Amino acid sequence: MSTSTNDRVGHLGFIHLVPFDREDPGRGLAEGIELFRFAEELGLDSGWVRTRHMQSGLPSPAVYFAALAQHTQRIGLGSAVIPVGHENPFRLAEDLAVADVLSGGRVLAGLSVHPPAFAEEVNDIVHGEGWRGEDYSYARIERLRDLLAGGPVREKPEYKGFGGDIDSERVEPHAPGLSDRLWYGGGSLRSATWSGEAGLNWLMSNITSAEDGIEDFSLNQVNQIETYRESLSGENGRVSLARVIVPTDNASPVQAAKYRKYAEERTPRTKQVHGKNTIIAPDLLGSTEEIVDYLLSNPAFQASDDYLFELPFEFELDDWKHILHQLATEIGPKLGWTSASS
């Protein structure tokens with residue numbers, strides 16, 4: 001099965017860290033809500049939040065989705081991604097289900113799985129010593145999906161006449177369709193194969209693996225997309241590609257200087273292979289015309305269904321709004337995308 005080429009973007013969205021000052025976290029969290037409201041007004045299809053533990057970034061996407069659900073009406077609420085190795089699948093299923101019900105079925109749960117990433121002594125403090133014996137295979141995500149789908153956890157106990165007949169055999173609340181809106185965030189052929197076979201959607205970022213002796217970033221992602229589509233069980237799997245893209249049109253002189261400095265300082269890391277085989281894509285900085293030309297000629301983007309713009313961590317609310325405005329009003333339409341607000 002060969003990779004298909006799209007002549008129009010299906011969905012357009014963004015990824016945000018929701019950074020905050022550790023001495024005043026409320027301000028950053030509130031600005032994130034404002035940014036999601038702004039993005040919805042622009043007609044963007046989805047906004048995705050990163051997960052950060054013991055950093056000045058959002059640790060609890062499901063909690064944040066519940067808040068966002070009260071301030072938005074339509075925009076998809078995605079996580080890019082929740083590391084399920086840090087989670088109890090049963091409790092995560094409950095939290096995601098509550099958020100999905102509150103949002104009217106808008107949660108797009110992006111997931112990954114690997115052991116807790118802290119040093120062992122930190123893992124002991126955070127998770128207890130039992131973390132060493134946990135299962136961090138793909139089965140952990142399959143268990144989460146089964147719970148979200150309403151799979152039975154137990155046999156419903158007989159009502160004894162007190163306390164209310166409220167027992168259930170499954171995770172409650174049940175959020176219909178949520179188990180079909182799961183994404184796996186990966187960057188390897190192995191993950192692409194499993195995601196396709198499992199019937200999850202496939203989410204790629206600006207970091208991936210160099211495999212089969214290939215160091216070209218886009219070619220590796222094209223190979224992953226082809227592998228995913230060839231492995232896909234069912235017909236509904238989607239591919240979403242995320243990249244740091246910084247448009248300079250209509251930026252103030254101060255913003256333009258900040259954007260250039262940001263991209264220049266990050267370029268050296270894209271010139272080498274990190275660790276065993278990790279490679280990083282260059283940030284795409286330029287005019288609307290330059291960005292559109294790149295996206296229309298890049299084979300990985302053309303093989304994807306949806307595009308996500310990763311917002312730089314170090315920028316501020318006005319900068320993020322500028323980027324999203326350019327995305328929704330200039331770049332997206334030139335790619336064939338239609339705003340949900342039009």
# chains A, B, ... in the order shown; residues from 1 in each chain; ligands from 1
>>> residues_around(residues="Val222 (chain A)", least_positions_apart="4", cutoff="10 Å", atoms="only C-alpha atoms", output="list in words")
Thr3, Phe217, Ser218, Glu226, Thr227, Tyr228, Asn298, Pro299, Ala300, Phe301, Gln302, Ala303 and Ser304 of chain A
>>> write_last_selection(atoms="C-alpha atoms", output="mmCIF file, in the first residue's frame")
data_model
loop_
_atom_site.group_PDB
_atom_site.id
_atom_site.type_symbol
_atom_site.label_atom_id
_atom_site.label_comp_id
_atom_site.auth_asym_id
_atom_site.auth_seq_id
_atom_site.Cartn_x
_atom_site.Cartn_y
_atom_site.Cartn_z
ATOM 1 C CA THR A 3 1.358 6.579 0.766
ATOM 2 C CA PHE A 217 13.914 13.522 8.732
ATOM 3 C CA SER A 218 10.967 13.663 6.344
ATOM 4 C CA GLU A 226 3.474 4.016 5.019
ATOM 5 C CA THR A 227 4.117 1.394 7.695
ATOM 6 C CA TYR A 228 1.196 2.670 9.755
ATOM 7 C CA ASN A 298 7.278 18.134 1.901
ATOM 8 C CA PRO A 299 6.458 14.433 1.393
ATOM 9 C CA ALA A 300 5.684 13.756 5.071
ATOM 10 C CA PHE A 301 3.180 16.593 5.300
ATOM 11 C CA GLN A 302 1.604 15.592 2.021
ATOM 12 C CA ALA A 303 1.195 12.023 3.273
ATOM 13 C CA SER A 304 -0.541 13.205 6.481
#
>>> select_by_dssp(residues="region 82-289 of chain A", states="strand (DSSP E or B)", output="PyMOL selection string")
chain A and resi 82-83+107-112+182-185+201-204+207-209+239-243+245-247+274+278-280+284-286
>>> write_last_selection(atoms="N, CA and C atoms", output="mmCIF file, in the first residue's frame")
data_model
loop_
_atom_site.group_PDB
_atom_site.id
_atom_site.type_symbol
_atom_site.label_atom_id
_atom_site.label_comp_id
_atom_site.auth_asym_id
_atom_site.auth_seq_id
_atom_site.Cartn_x
_atom_site.Cartn_y
_atom_site.Cartn_z
ATOM 1 N N ILE A 82 0.070 12.089 26.724
ATOM 2 C CA ILE A 82 0.084 11.645 28.108
ATOM 3 C C ILE A 82 0.965 10.400 28.199
ATOM 4 N N PRO A 83 2.069 10.440 28.956
ATOM 5 C CA PRO A 83 2.888 9.237 29.126
ATOM 6 C C PRO A 83 2.212 8.282 30.107
ATOM 7 N N VAL A 107 -12.721 15.238 23.526
ATOM 8 C CA VAL A 107 -11.376 14.854 23.937
ATOM 9 C C VAL A 107 -10.712 13.974 22.880
ATOM 10 N N LEU A 108 -9.464 14.308 22.573
ATOM 11 C CA LEU A 108 -8.626 13.545 21.651
ATOM 12 C C LEU A 108 -7.394 13.130 22.451
ATOM 13 N N ALA A 109 -7.421 11.930 22.993
ATOM 14 C CA ALA A 109 -6.382 11.521 23.935
ATOM 15 C C ALA A 109 -5.169 10.967 23.196
ATOM 16 N N GLY A 110 -4.095 11.758 23.169
ATOM 17 C CA GLY A 110 -2.821 11.309 22.632
ATOM 18 C C GLY A 110 -2.009 10.673 23.745
ATOM 19 N N LEU A 111 -1.422 9.505 23.460
ATOM 20 C CA LEU A 111 -0.784 8.698 24.489
ATOM 21 C C LEU A 111 0.583 8.212 24.032
ATOM 22 N N SER A 112 1.421 7.888 25.010
ATOM 23 C CA SER A 112 2.654 7.153 24.749
ATOM 24 C C SER A 112 2.872 6.225 25.924
ATOM 25 N N LEU A 182 -8.471 7.788 20.294
ATOM 26 C CA LEU A 182 -7.148 7.676 20.910
ATOM 27 C C LEU A 182 -6.065 7.792 19.844
ATOM 28 N N TRP A 183 -4.991 8.479 20.181
ATOM 29 C CA TRP A 183 -3.852 8.679 19.292
ATOM 30 C C TRP A 183 -2.601 8.150 19.976
ATOM 31 N N TYR A 184 -1.744 7.523 19.206
ATOM 32 C CA TYR A 184 -0.450 7.134 19.759
ATOM 33 C C TYR A 184 0.615 8.066 19.207
ATOM 34 N N GLY A 185 1.356 8.704 20.120
ATOM 35 C CA GLY A 185 2.430 9.592 19.706
ATOM 36 C C GLY A 185 3.729 8.818 19.628
ATOM 37 N N ASN A 201 -5.095 6.119 16.090
ATOM 38 C CA ASN A 201 -4.596 7.143 15.181
ATOM 39 C C ASN A 201 -3.112 7.358 15.449
ATOM 40 N N TRP A 202 -2.404 7.952 14.499
ATOM 41 C CA TRP A 202 -0.937 8.067 14.559
ATOM 42 C C TRP A 202 -0.544 9.546 14.605
ATOM 43 N N LEU A 203 0.193 9.920 15.642
ATOM 44 C CA LEU A 203 0.586 11.311 15.883
ATOM 45 C C LEU A 203 2.105 11.422 15.851
ATOM 46 N N MET A 204 2.615 12.283 14.977
ATOM 47 C CA MET A 204 4.065 12.470 14.835
ATOM 48 C C MET A 204 4.447 13.901 15.180
ATOM 49 N N ILE A 207 10.323 15.372 16.511
ATOM 50 C CA ILE A 207 11.385 14.468 16.953
ATOM 51 C C ILE A 207 11.019 13.069 16.487
ATOM 52 N N THR A 208 11.983 12.377 15.876
ATOM 53 C CA THR A 208 11.693 11.028 15.388
ATOM 54 C C THR A 208 12.957 10.191 15.426
ATOM 55 N N SER A 209 12.865 8.965 14.915
ATOM 56 C CA SER A 209 14.002 8.044 14.907
ATOM 57 C C SER A 209 14.548 7.896 13.494
ATOM 58 N N VAL A 239 -3.594 10.229 10.370
ATOM 59 C CA VAL A 239 -2.210 10.591 10.616
ATOM 60 C C VAL A 239 -2.125 12.095 10.814
ATOM 61 N N SER A 240 -1.546 12.507 11.936
ATOM 62 C CA SER A 240 -1.386 13.927 12.224
ATOM 63 C C SER A 240 0.097 14.223 12.393
ATOM 64 N N LEU A 241 0.568 15.277 11.737
ATOM 65 C CA LEU A 241 1.981 15.639 11.796
ATOM 66 C C LEU A 241 2.124 17.006 12.444
ATOM 67 N N ALA A 242 2.975 17.076 13.466
ATOM 68 C CA ALA A 242 3.194 18.323 14.203
ATOM 69 C C ALA A 242 4.621 18.803 13.987
ATOM 70 N N ARG A 243 4.752 20.122 13.832
ATOM 71 C CA ARG A 243 6.075 20.705 13.631
ATOM 72 C C ARG A 243 6.070 22.130 14.169
ATOM 73 N N ILE A 245 6.398 25.655 13.624
ATOM 74 C CA ILE A 245 6.319 26.525 12.444
ATOM 75 C C ILE A 245 6.045 27.942 12.920
ATOM 76 N N VAL A 246 6.943 28.872 12.560
ATOM 77 C CA VAL A 246 6.872 30.243 13.077
ATOM 78 C C VAL A 246 6.738 31.219 11.914
ATOM 79 N N PRO A 247 5.525 31.709 11.650
ATOM 80 C CA PRO A 247 5.320 32.654 10.541
ATOM 81 C C PRO A 247 5.734 34.064 10.928
ATOM 82 N N HIS A 274 21.068 12.277 18.007
ATOM 83 C CA HIS A 274 21.167 12.293 19.454
ATOM 84 C C HIS A 274 20.958 10.877 19.995
ATOM 85 N N THR A 278 18.030 9.303 17.588
ATOM 86 C CA THR A 278 17.030 10.376 17.632
ATOM 87 C C THR A 278 17.468 11.549 16.776
ATOM 88 N N ILE A 279 16.580 12.018 15.921
ATOM 89 C CA ILE A 279 16.848 13.195 15.099
ATOM 90 C C ILE A 279 15.717 14.207 15.286
ATOM 91 N N ILE A 280 16.051 15.486 15.064
ATOM 92 C CA ILE A 280 15.119 16.588 15.310
ATOM 93 C C ILE A 280 14.987 17.427 14.043
ATOM 94 N N LEU A 284 10.485 25.667 11.221
ATOM 95 C CA LEU A 284 10.186 26.311 9.950
ATOM 96 C C LEU A 284 9.825 27.762 10.210
ATOM 97 N N LEU A 285 10.751 28.649 9.941
ATOM 98 C CA LEU A 285 10.579 30.090 10.136
ATOM 99 C C LEU A 285 10.515 30.761 8.775
ATOM 100 N N GLY A 286 9.495 31.614 8.563
ATOM 101 C CA GLY A 286 9.455 32.297 7.284
ATOM 102 C C GLY A 286 8.130 32.968 7.015
#
>>> residues_around(residues="Arg50 (chain A)", least_positions_apart="5", cutoff="10 Å", atoms="only C-alpha atoms", output="PyMOL selection string")
chain A and resi 15-19+57-61+78-83+110+310
>>> select_by_dssp(residues="region 197-337 of chain A", states="alpha helix (DSSP H)", output="PyMOL selection string")
chain A and resi 197-198+217-231+253-266+288-297+299-302+317-326+332-334
>>> atom_distance(atom1="CA of Asn123 (chain A)", atom2="CA of Asn277 (chain A)")
25.5 Å
